[in-house]
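Visitor: Next comes the structure file structure.txt, holding compact mmCIF, C-alpha atoms and all ligand atoms.
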```txt
# COMPACT_ATOMS: atom_id res chain seq x y z
CA MET A 415 41.00 -179.20 2.71
CA SER A 416 44.57 -178.03 3.10
CA ILE A 417 46.33 -175.84 0.59
CA PHE A 418 48.47 -178.89 -0.24
CA LEU A 419 45.70 -181.02 -1.68
CA ASP A 420 46.07 -181.72 -5.37
CA LYS A 421 43.55 -179.65 -7.35
CA LYS A 422 42.44 -182.83 -9.09
CA LEU A 423 41.02 -184.10 -5.81
CA GLU A 424 39.16 -180.98 -4.74
CA SER A 425 35.90 -182.05 -6.31
CA LEU A 426 36.21 -185.71 -5.32
CA GLU A 427 33.28 -186.89 -3.21
CA PRO A 428 34.51 -189.77 -1.08
CA TYR A 429 32.35 -192.81 -0.34
CA THR A 430 30.21 -192.60 2.81
CA PRO A 431 30.29 -195.97 4.57
CA GLY A 432 27.32 -197.08 6.67
CA GLU A 433 27.52 -196.26 10.37
CA GLN A 434 29.70 -198.56 12.48
CA PRO A 435 28.45 -197.82 16.01
CA GLU A 436 29.91 -199.11 19.27
CA GLN A 437 29.37 -202.83 19.63
CA GLY A 438 26.08 -203.92 21.11
CA LYS A 439 24.39 -200.55 20.92
CA TYR A 440 22.02 -201.47 18.11
CA ILE A 441 20.62 -204.41 16.23
CA LYS A 442 22.80 -203.73 13.24
CA LEU A 443 21.05 -204.24 9.92
CA ASN A 444 22.70 -201.45 7.97
CA THR A 445 25.83 -202.68 6.16
CA ASN A 446 24.92 -206.13 4.83
CA GLU A 447 27.27 -207.99 7.13
CA ASN A 448 26.58 -211.66 7.82
CA PRO A 449 24.84 -212.24 11.18
CA TYR A 450 26.58 -215.60 11.66
CA PHE A 451 30.16 -216.18 12.85
CA PRO A 452 32.91 -217.04 10.36
CA SER A 453 33.59 -220.76 9.85
CA LYS A 454 35.12 -222.31 12.98
CA TYR A 455 37.90 -223.79 10.83
CA ALA A 456 38.75 -220.25 9.76
CA ILE A 457 38.81 -219.06 13.36
CA ASP A 458 40.88 -222.05 14.52
CA THR A 459 43.52 -221.42 11.87
CA VAL A 460 44.65 -218.25 13.61
CA ASP A 461 46.93 -219.71 16.26
CA LYS A 462 50.12 -218.56 17.92
CA GLN A 463 52.18 -219.98 15.07
CA GLN A 464 50.22 -217.94 12.52
CA LEU A 465 50.71 -214.83 14.63
CA GLU A 466 54.44 -215.42 15.00
CA LYS A 467 54.70 -215.66 11.22
CA LEU A 468 53.55 -212.05 11.02
CA ARG A 469 57.21 -211.03 11.09
CA LEU A 470 57.33 -212.26 7.48
CA TYR A 471 55.64 -210.55 4.56
CA SER A 472 52.60 -212.25 3.16
CA ASP A 473 52.82 -214.13 -0.15
CA PRO A 474 52.43 -211.42 -2.84
CA ASP A 475 50.70 -214.00 -5.06
CA SER A 476 48.47 -215.39 -2.28
CA ARG A 477 49.15 -218.81 -3.78
CA GLU A 478 47.26 -220.82 -1.18
CA LEU A 479 44.10 -218.72 -1.23
CA SER A 480 44.19 -218.32 -5.02
CA ALA A 481 44.43 -222.11 -5.39
CA VAL A 482 41.44 -222.64 -3.10
CA ILE A 483 39.37 -220.10 -5.07
CA ALA A 484 40.49 -221.60 -8.41
CA ALA A 485 39.56 -225.13 -7.28
CA TYR A 486 36.21 -223.95 -5.93
CA TYR A 487 35.23 -222.45 -9.28
CA GLY A 488 37.05 -224.88 -11.56
CA VAL A 489 39.39 -222.30 -13.08
CA ASN A 490 43.20 -221.97 -13.12
CA VAL A 491 45.23 -220.07 -10.53
CA GLU A 492 46.29 -217.66 -13.31
CA ASN A 493 42.63 -216.64 -13.58
CA VAL A 494 42.50 -215.38 -9.99
CA LEU A 495 43.67 -212.19 -8.29
CA THR A 496 43.12 -211.80 -4.54
CA THR A 497 42.63 -208.35 -3.07
CA ASN A 498 42.16 -206.36 0.11
CA GLY A 499 38.37 -206.47 0.05
CA SER A 500 36.60 -206.54 -3.29
CA ASP A 501 36.65 -202.74 -3.20
CA GLU A 502 40.33 -203.02 -4.07
CA ALA A 503 39.59 -205.39 -6.98
CA LEU A 504 37.05 -202.86 -8.26
CA ALA A 505 39.53 -200.01 -7.83
CA PHE A 506 42.10 -201.97 -9.86
CA CYS A 507 39.48 -202.49 -12.60
CA PHE A 508 38.73 -198.75 -12.75
CA SER A 509 42.44 -198.06 -12.91
CA ALA A 510 43.22 -200.75 -15.52
CA PHE A 511 40.26 -201.06 -17.84
CA CYS A 512 38.36 -197.77 -18.08
CA GLY A 513 40.42 -195.89 -20.67
CA HIS A 514 37.28 -195.36 -22.79
CA GLY A 515 35.12 -194.39 -19.83
CA ALA A 516 32.65 -196.42 -17.81
CA VAL A 517 28.89 -197.00 -17.59
CA PHE A 518 26.85 -198.26 -14.66
CA PRO A 519 23.26 -197.89 -13.41
CA ASP A 520 22.02 -194.74 -11.65
CA ILE A 521 21.05 -196.82 -8.62
CA THR A 522 23.90 -199.15 -7.67
CA TYR A 523 26.94 -199.45 -5.42
CA GLY A 524 27.97 -195.87 -4.57
CA PHE A 525 31.66 -196.62 -4.79
CA TYR A 526 31.69 -196.89 -8.61
CA LYS A 527 31.24 -193.14 -8.94
CA VAL A 528 33.91 -192.49 -6.35
CA PHE A 529 36.46 -194.73 -8.08
CA ALA A 530 35.68 -193.04 -11.39
CA GLY A 531 36.38 -189.68 -9.73
CA LEU A 532 39.59 -190.86 -8.08
CA PHE A 533 41.00 -192.39 -11.27
CA GLY A 534 39.76 -189.63 -13.58
CA VAL A 535 37.44 -191.94 -15.50
CA GLY A 536 34.56 -190.33 -17.40
CA TYR A 537 31.30 -192.16 -16.73
CA SER A 538 27.61 -192.18 -17.47
CA GLU A 539 24.88 -193.47 -15.23
CA ILE A 540 22.15 -195.39 -17.01
CA PRO A 541 18.76 -195.17 -15.30
CA LEU A 542 17.23 -198.41 -14.08
CA ALA A 543 13.74 -199.08 -15.46
CA ASP A 544 10.76 -197.91 -13.37
CA ASP A 545 10.58 -201.29 -11.66
CA PHE A 546 14.31 -200.97 -10.79
CA THR A 547 15.40 -203.72 -13.18
CA VAL A 548 18.36 -203.23 -15.53
CA ASP A 549 17.32 -202.58 -19.12
CA VAL A 550 20.26 -204.07 -21.03
CA ARG A 551 19.75 -202.18 -24.29
CA PRO A 552 21.79 -199.07 -23.42
CA TYR A 553 24.71 -201.31 -22.45
CA LEU A 554 24.87 -203.12 -25.78
CA ASP A 555 27.81 -202.12 -27.96
CA CYS A 556 28.25 -199.04 -25.73
CA GLY A 557 31.98 -198.49 -26.36
CA LYS A 558 32.71 -198.16 -22.63
CA THR A 559 33.58 -200.41 -19.74
CA VAL A 560 30.41 -201.82 -18.23
CA ILE A 561 30.26 -202.15 -14.45
CA LEU A 562 27.28 -204.04 -13.06
CA ALA A 563 26.58 -205.36 -9.58
CA ASN A 564 24.60 -208.59 -9.87
CA PRO A 565 22.40 -208.89 -7.88
CA ASN A 566 22.37 -205.11 -7.98
CA ALA A 567 23.29 -203.15 -4.87
CA GLN A 568 20.48 -201.31 -3.06
CA THR A 569 17.75 -203.10 -5.10
CA GLY A 570 18.80 -206.75 -4.62
CA ILE A 571 17.40 -207.54 -8.08
CA LEU A 572 19.20 -210.19 -10.12
CA LEU A 573 19.81 -209.81 -13.83
CA GLY A 574 19.64 -213.05 -15.85
CA ARG A 575 22.73 -214.73 -17.21
CA ASP A 576 21.51 -214.50 -20.83
CA GLU A 577 21.02 -210.75 -20.54
CA ILE A 578 24.51 -210.26 -19.16
CA GLU A 579 25.92 -212.49 -21.86
CA ARG A 580 24.35 -210.21 -24.47
CA ILE A 581 26.19 -207.27 -22.92
CA ILE A 582 29.49 -209.17 -22.84
CA LYS A 583 29.18 -210.34 -26.46
CA SER A 584 28.27 -206.92 -27.81
CA ASN A 585 31.27 -205.19 -26.19
CA PRO A 586 34.24 -207.25 -27.35
CA ARG A 587 36.58 -204.25 -27.22
CA ASN A 588 35.78 -203.35 -23.63
CA ALA A 589 35.89 -205.11 -20.32
CA VAL A 590 32.62 -206.01 -18.60
CA VAL A 591 32.99 -206.08 -14.82
CA ILE A 592 30.38 -208.03 -12.89
CA ASP A 593 30.42 -207.36 -9.15
CA GLU A 594 29.01 -210.49 -7.52
CA ALA A 595 29.20 -209.35 -3.89
CA TYR A 596 25.73 -210.86 -3.26
CA VAL A 597 25.59 -213.69 -5.78
CA ASP A 598 25.73 -216.47 -3.16
CA PHE A 599 22.31 -215.54 -1.78
CA GLY A 600 20.39 -217.02 -4.70
CA GLY A 601 22.17 -216.08 -7.93
CA GLN A 602 24.51 -218.13 -10.05
CA SER A 603 28.06 -216.92 -10.56
CA LEU A 604 29.17 -216.03 -14.08
CA ILE A 605 32.71 -217.19 -13.33
CA PRO A 606 32.42 -220.23 -15.68
CA LEU A 607 31.90 -217.76 -18.56
CA ILE A 608 35.46 -216.42 -18.27
CA LYS A 609 36.51 -219.41 -20.36
CA LYS A 610 34.26 -218.23 -23.17
CA TYR A 611 34.78 -214.46 -23.03
CA ASN A 612 38.15 -212.76 -22.68
CA ASN A 613 36.55 -209.43 -21.71
CA LEU A 614 34.65 -210.63 -18.62
CA VAL A 615 35.87 -209.83 -15.10
CA VAL A 616 33.94 -211.25 -12.15
CA VAL A 617 34.57 -209.68 -8.74
CA GLN A 618 33.58 -211.34 -5.48
CA THR A 619 34.05 -210.78 -1.76
CA PHE A 620 34.41 -212.75 1.48
CA SER A 621 32.63 -209.92 3.32
CA LYS A 622 29.01 -210.92 2.86
CA SER A 623 28.33 -214.64 2.35
CA ARG A 624 31.46 -215.81 4.19
CA SER A 625 31.20 -213.59 7.27
CA LEU A 626 34.64 -211.98 6.89
CA ALA A 627 33.87 -208.29 6.32
CA GLY A 628 36.49 -207.26 8.89
CA ALA A 629 39.21 -209.44 7.34
CA ARG A 630 39.05 -207.49 4.04
CA VAL A 631 39.38 -210.14 1.36
CA GLY A 632 38.00 -210.09 -2.17
CA PHE A 633 39.03 -211.41 -5.55
CA ALA A 634 38.70 -211.03 -9.30
CA VAL A 635 38.40 -213.91 -11.77
CA ALA A 636 39.05 -213.40 -15.49
CA ASP A 637 41.04 -214.47 -18.51
CA LYS A 638 44.70 -214.67 -17.55
CA GLU A 639 45.67 -211.65 -19.65
CA LEU A 640 43.19 -209.46 -17.78
CA ILE A 641 44.39 -210.84 -14.47
CA GLY A 642 47.90 -209.96 -15.67
CA ASP A 643 46.71 -206.38 -16.24
CA LEU A 644 45.18 -206.20 -12.78
CA LYS A 645 48.40 -207.58 -11.30
CA ARG A 646 50.29 -204.85 -13.10
CA VAL A 647 48.25 -202.33 -11.13
CA LYS A 648 48.49 -204.27 -7.88
CA PHE A 649 52.29 -204.62 -8.10
CA SER A 650 52.50 -200.88 -8.78
CA PHE A 651 50.51 -200.10 -5.69
CA ASN A 652 50.60 -202.69 -2.88
CA PRO A 653 52.20 -206.09 -3.60
CA TYR A 654 51.32 -207.47 -0.14
CA ASN A 655 47.69 -206.44 -0.33
CA VAL A 656 46.26 -209.53 1.39
CA ASN A 657 47.74 -210.00 4.85
CA ARG A 658 48.73 -213.43 6.19
CA ILE A 659 45.92 -213.78 8.72
CA SER A 660 43.17 -212.70 6.35
CA GLY A 661 44.46 -214.92 3.56
CA ALA A 662 44.46 -217.96 5.87
CA LEU A 663 40.98 -217.12 7.22
CA ALA A 664 39.54 -216.77 3.73
CA ALA A 665 41.07 -220.02 2.47
CA GLU A 666 39.56 -221.98 5.38
CA ALA A 667 36.21 -220.23 5.03
CA MET A 668 36.01 -221.24 1.37
CA ARG A 669 37.01 -224.84 2.14
CA ASP A 670 34.17 -225.12 4.67
CA LYS A 671 31.39 -225.62 2.15
CA LYS A 672 29.00 -227.22 4.62
CA TYR A 673 28.90 -224.31 7.03
CA PHE A 674 28.72 -221.87 4.13
CA SER A 675 25.58 -223.48 2.71
CA GLU A 676 24.01 -223.62 6.17
CA CYS A 677 24.51 -219.89 6.74
CA VAL A 678 23.44 -218.87 3.26
CA GLY A 679 20.39 -221.15 3.51
CA LYS A 680 19.32 -219.57 6.80
CA ILE A 681 19.74 -216.06 5.41
CA ILE A 682 17.63 -216.88 2.36
CA GLU A 683 14.94 -218.33 4.62
CA ASN A 684 15.03 -215.28 6.89
CA ARG A 685 14.89 -212.99 3.85
CA GLU A 686 11.74 -214.60 2.53
CA LYS A 687 10.04 -214.49 5.95
CA LEU A 688 11.06 -210.88 6.45
CA SER A 689 9.83 -209.90 2.98
CA ASP A 690 6.45 -211.56 3.67
CA GLY A 691 6.19 -209.90 7.07
CA LEU A 692 6.94 -206.48 5.60
CA ARG A 693 4.39 -206.96 2.83
CA ARG A 694 1.80 -207.93 5.42
CA ALA A 695 2.68 -204.73 7.30
CA GLY A 696 1.81 -202.74 4.17
CA PHE A 697 5.27 -202.38 2.67
CA GLU A 698 6.27 -202.54 -0.93
CA VAL A 699 9.30 -204.87 -1.08
CA LEU A 700 11.56 -205.31 -4.10
CA PRO A 701 12.22 -208.97 -4.99
CA SER A 702 15.68 -209.53 -3.50
CA THR A 703 18.23 -212.20 -4.35
CA ALA A 704 20.71 -210.67 -1.89
CA ASN A 705 21.14 -210.54 1.91
CA PHE A 706 19.23 -207.27 2.14
CA ILE A 707 15.82 -205.93 1.26
CA LEU A 708 14.81 -202.56 -0.16
CA ALA A 709 11.34 -201.67 1.09
CA LYS A 710 9.03 -198.71 1.42
CA ASN A 711 5.82 -197.83 3.15
CA CYS A 712 3.54 -195.34 1.49
CA LYS A 713 2.76 -193.56 4.80
CA THR A 714 6.19 -193.06 6.32
CA GLY A 715 9.16 -191.61 4.43
CA GLY A 716 12.47 -193.45 4.24
CA ARG A 717 14.39 -190.97 6.33
CA GLU A 718 11.66 -190.97 8.98
CA LEU A 719 11.56 -194.77 9.12
CA TYR A 720 15.32 -194.89 9.47
CA GLU A 721 15.22 -192.33 12.34
CA SER A 722 12.35 -194.05 14.14
CA LEU A 723 13.99 -197.45 13.89
CA LYS A 724 17.25 -195.98 15.18
CA ASN A 725 15.39 -194.59 18.19
CA GLU A 726 14.04 -198.09 18.75
CA GLY A 727 17.57 -199.54 18.70
CA ILE A 728 17.64 -200.88 15.15
CA LEU A 729 20.03 -199.54 12.56
CA VAL A 730 19.05 -199.79 8.88
CA ARG A 731 20.31 -197.78 5.90
CA HIS A 732 18.67 -194.87 4.15
CA PHE A 733 19.97 -193.40 0.90
CA PRO A 734 19.23 -189.82 -0.10
CA ASP A 735 19.18 -190.66 -3.85
CA ARG A 736 15.99 -189.24 -5.28
CA ARG A 737 14.70 -192.51 -6.71
CA ILE A 738 15.08 -194.53 -3.52
CA ASN A 739 14.58 -191.76 -1.00
CA ASP A 740 11.30 -193.30 0.20
CA TYR A 741 12.93 -196.66 0.85
CA ILE A 742 15.00 -198.19 3.61
CA ARG A 743 17.54 -200.92 3.02
CA ILE A 744 17.43 -203.66 5.61
CA THR A 745 20.17 -206.25 6.00
CA VAL A 746 18.75 -209.72 6.59
CA GLY A 747 19.86 -210.68 10.09
CA LYS A 748 19.24 -213.67 12.33
CA GLU A 749 15.66 -214.83 12.68
CA GLU A 750 15.21 -213.11 16.05
CA GLU A 751 16.60 -209.86 14.65
CA CYS A 752 14.11 -209.96 11.78
CA VAL A 753 11.29 -210.62 14.26
CA ALA A 754 12.40 -207.67 16.40
CA LEU A 755 12.54 -205.45 13.33
CA LEU A 756 9.03 -206.40 12.23
CA GLU A 757 7.73 -205.70 15.72
CA LYS A 758 9.25 -202.22 15.79
CA ILE A 759 8.07 -201.51 12.27
CA ARG A 760 4.50 -202.37 13.20
CA LYS A 761 4.80 -200.17 16.28
CA ILE A 762 6.10 -197.25 14.21
CA THR A 763 3.73 -197.52 11.27
CA GLU A 764 0.61 -198.27 13.31
CA ALA A 765 1.20 -195.40 15.74
C1 LIG B 1 29.86 -204.82 0.07
C2 LIG B 1 30.08 -204.60 -1.38
C3 LIG B 1 31.35 -204.58 -1.94
C4 LIG B 1 32.62 -204.46 -1.16
O1 LIG B 1 32.93 -205.38 -0.34
P1 LIG B 1 34.35 -205.53 0.33
O2 LIG B 1 34.05 -205.58 1.77
O3 LIG B 1 35.25 -204.42 -0.08
O4 LIG B 1 34.81 -206.82 -0.23
C5 LIG B 1 31.49 -204.48 -3.30
N1 LIG B 1 30.42 -204.37 -4.09
C6 LIG B 1 29.18 -204.35 -3.60
C7 LIG B 1 28.03 -204.21 -4.52
C8 LIG B 1 28.99 -204.45 -2.23
O5 LIG B 1 27.75 -204.37 -1.74
```
Would you encode the structure as structure tokens?

Guide:
Amino acid sequence: MSIFLDKKLESLEPYTPGEQPEQGKYIKLNTNENPYFPSKYAIDTVDKQQLEKLRLYSDPDSRELSAVIAAYYGVNVENVLTTNGSDEALAFCFSAFCGHGAVFPDITYGFYKVFAGLFGVGYSEIPLADDFTVDVRPYLDCGKTVILANPNAQTGILLGRDEIERIIKSNPRNAVVIDEAYVDFGGQSLIPLIKKYNNLVVVQTFSKSRSLAGARVGFAVADKELIGDLKRVKFSFNPYNVNRISGALAAEAMRDKKYFSECVGKIIENREKLSDGLRRAGFEVLPSTANFILAKNCKTGGRELYESLKNEGILVRHFPDRRINDYIRITVGKEEECVALLEKIRKITEA
């Protein structure tokens, strides 16, 4: 830290992203990327003409992409804000809606805490139940902005729509932000509920189910007044937040519904096979509705499993949080990657 750093930021603990090693060095199952290529229509849209247009700023309202998202979910364009990754949408929510503080689970996406720190938002972490499900009671009428990933990050467990609706209804004076980064892998989006509740914000990303993590595109869907608030923040920070190429890629990826369902279908199939295989190898596996699995083995610690797998050329994620310290988080890859992982796991745990 230099002597110039603002005192306010001295205690900030930045987010630690998963390792991004040199290409090809590992079977990479550590950051929940999609193992399949982006839609070929998305790839084909980036031609010389698109590149030449880079001399012009991108559309600050991302009208084309916003219209595609709105049509996909049956909402109006005024209900959509596109962002530079969904991390930016979440950052805007922390900046715009957390004047009374925020609440989120103790085990969830690590960035929530970091955003709270950056924007000076007071927060409390509500422990997940012993089986890692969300107990909704502490969130009811809580007087703070509720932030929930659904399915939840790190656990993959999905919370039912009725339960979330109870939270939304009981907090009419606060926003409820539902981060649906993994919803396409078996959940049902709550986006239709924005017509019923003016305090609901749903955040989604193109990074996971649409294979565009490197393009950095996300979005928020909400009542148009809330979207107006988020735009207020965006236009005070970075009006051209979605670049031309990424906006075009995302629009085509969302139009290609056929390829999307194929990829998602394969990942769900691979997830179920991998979960079965791990259970047969003596692992405890949380029931995941996401493109990753949280699993533990009673003999080998999480850190040790992570290290051993890394030595065997497979990268998974380990979190030092006390409650999930024994677990590893495995991104569901292609079928052959899952097979390779199971093979190495057997080798390690049977040694
Ligand atoms: C991956 C992830 C995000 C962020 O994705 P972006 O790449 O910034 O769109 C947000 N929330 C959760 C829970 C995630 O796992």

Visitor: Taking only C-alpha atoms and all ligand atoms into account, list the residues no farther than 9 Å from ligand LIG 1 (chain B), as number ranges by chain.

Guide: A: 445-447, 497-504, 522-526, 562-568, 593-596, 617-622, 626-633

Visitor: Could you pull the residues within 8 Å of Tyr611 of chain A, counting only C-alpha atoms, minus those fewer than 6 positions along the same chain, as a ChimeraX atom specification?

Guide: /A:582-583,637

Visitor: Per residue of segment 503-615 of chain A within 6 Å of segment 689-706 of chain A, what are the shortest atom pair and its distance in Å to one decimal, counting all atoms listed in the file, with rows by chain and residue number, as a Markdown table?

Guide:
```
| residue | atom | partner | partner_atom | distance |
| --- | --- | --- | --- | --- |
| A:Gly570 | CA | A:Ser702 | CA | 4.3 |
| A:Ile571 | CA | A:Ser702 | CA | 5.3 |
| A:Tyr596 | CA | A:Ala704 | CA | 5.2 |
| A:Phe599 | CA | A:Ala704 | CA | 5.1 |
| A:Gly600 | CA | A:Thr703 | CA | 5.3 |
```

Visitor: Store the residues picked out above, limited to C-alpha atoms, as a PDB file, in the coordinates of the input.

Guide:
```
ATOM      1  CA  GLY A 570      18.800-206.750  -4.620  1.00  0.00           C
ATOM      2  CA  ILE A 571      17.400-207.540  -8.080  1.00  0.00           C
ATOM      3  CA  TYR A 596      25.730-210.860  -3.260  1.00  0.00           C
ATOM      4  CA  PHE A 599      22.310-215.540  -1.780  1.00  0.00           C
ATOM      5  CA  GLY A 600      20.390-217.020  -4.700  1.00  0.00           C
TER       6      GLY A 600
END
```

Visitor: Which residues, written as a list in words, have at least one atom at most 7 Å from Ile641 of chain A, with all atoms listed in the file counted and residues fewer than 3 positions away on the same chain left out?

Guide: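 So, after excluding close chain neighbours, the residues are Asn493, Val494, Leu495, Ala636, Asp637, Lys638, Leu644 and Lys645 of chain A.
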
Visitor: Using only C-alpha atoms, find the one residue out of A:Leu465, A:Val491, A:Ile457, A:Ile681 that sits nearest to Ile707 of chain A.

Guide: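 Closest candidate: A:Ile681.
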
Visitor: For a test of reading the model, state the distance in Å between atom CA of Arg717 of chain A and atom CA of His732 of chain A, rounded to one decimal.

Guide: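 Between these atoms lies a distance of 6.2 Å.
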
Visitor: Identify which of the residues A:Tyr487, A:Glu478, A:Ser416, A:Arg658 lies closest to Gln463 of chain A, counting only C-alpha atoms when measuring atom-to-atom distances.

Guide: A:Arg658

Visitor: Take atom CA of Ile659 of chain A and atom CA of Val460 of chain A and report the distance between them in Å, one decimal.

Guide: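 Rounded to one decimal, the two atoms are 6.7 Å apart.
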
Visitor: So what do you get for atom CA of Ala662 of chain A versus atom CA of Ser625 of chain A, distance-wise?

Guide: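 Atom CA of Ser625 of chain A lies 14.0 Å from atom CA of Ala662 of chain A.
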
Visitor: For Phe674 of chain A, which residue out of A:Phe649, A:Phe451, A:Tyr440, A:Tyr429 is the nearest one, using only C-alpha atoms?

Guide: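 Closest to Phe674 of chain A of all the choices is A:Phe451.
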
Visitor: Which residue gives the smallest distance to Pro541 of chain A among A:Lys527, A:Thr714, A:Arg737, A:Glu466, with only C-alpha atoms counted?

Guide: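 Checking each candidate against Pro541 of chain A, we get A:Arg737 as the closest.
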
Visitor: Taking into account only C-alpha atoms, which residue in the set A:Ser623, A:Asn588, A:Ser509, A:Thr459 is nearest to Phe651 of chain A?

Guide: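 Comparing A:Ser623, A:Asn588, A:Ser509, A:Thr459 against Phe651 of chain A, the winner is A:Ser509.
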
Visitor: With all atoms listed in the file as the basis for distance, which of A:Cys752, A:Leu572, A:Ala589, A:Ala543 is at the shortest distance from Gly513 of chain A?

Guide: A:Ala589

Visitor: When you look at Tyr673 of chain A with a cut-off of 10 Å (counting only C-alpha atoms), what residues show up, excluding the ones that are within fewer than 4 positions of it in the same chain? I need them as a list in words.

Guide: Pro452, Ser453, Lys454, Tyr455, Arg624, Ala667, Met668, Arg669, Cys677, Val678 and Gly679 of chain A

Visitor: With C-alpha atoms retained, write the just-selected residues as a compact mmCIF listing (two decimals), keeping the file's coordinate frame.

Guide:
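Contents of part-v7.txt, freshly written:
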```
# COMPACT_ATOMS: atom_id res chain seq x y z
CA PRO A 452 32.91 -217.04 10.36
CA SER A 453 33.59 -220.76 9.85
CA LYS A 454 35.12 -222.31 12.98
CA TYR A 455 37.90 -223.79 10.83
CA ARG A 624 31.46 -215.81 4.19
CA ALA A 667 36.21 -220.23 5.03
CA MET A 668 36.01 -221.24 1.37
CA ARG A 669 37.01 -224.84 2.14
CA CYS A 677 24.51 -219.89 6.74
CA VAL A 678 23.44 -218.87 3.26
CA GLY A 679 20.39 -221.15 3.51
```

Visitor: Go ahead and find all residues with at least one atom no further than 10 Å from (26.0, -199.9, -22.4) in the file's coordinates, using all atoms listed in the file; report them as a PyMOL selection string.

Guide: chain A and resi 516-519+538-540+549-561+581-582+584-585+590
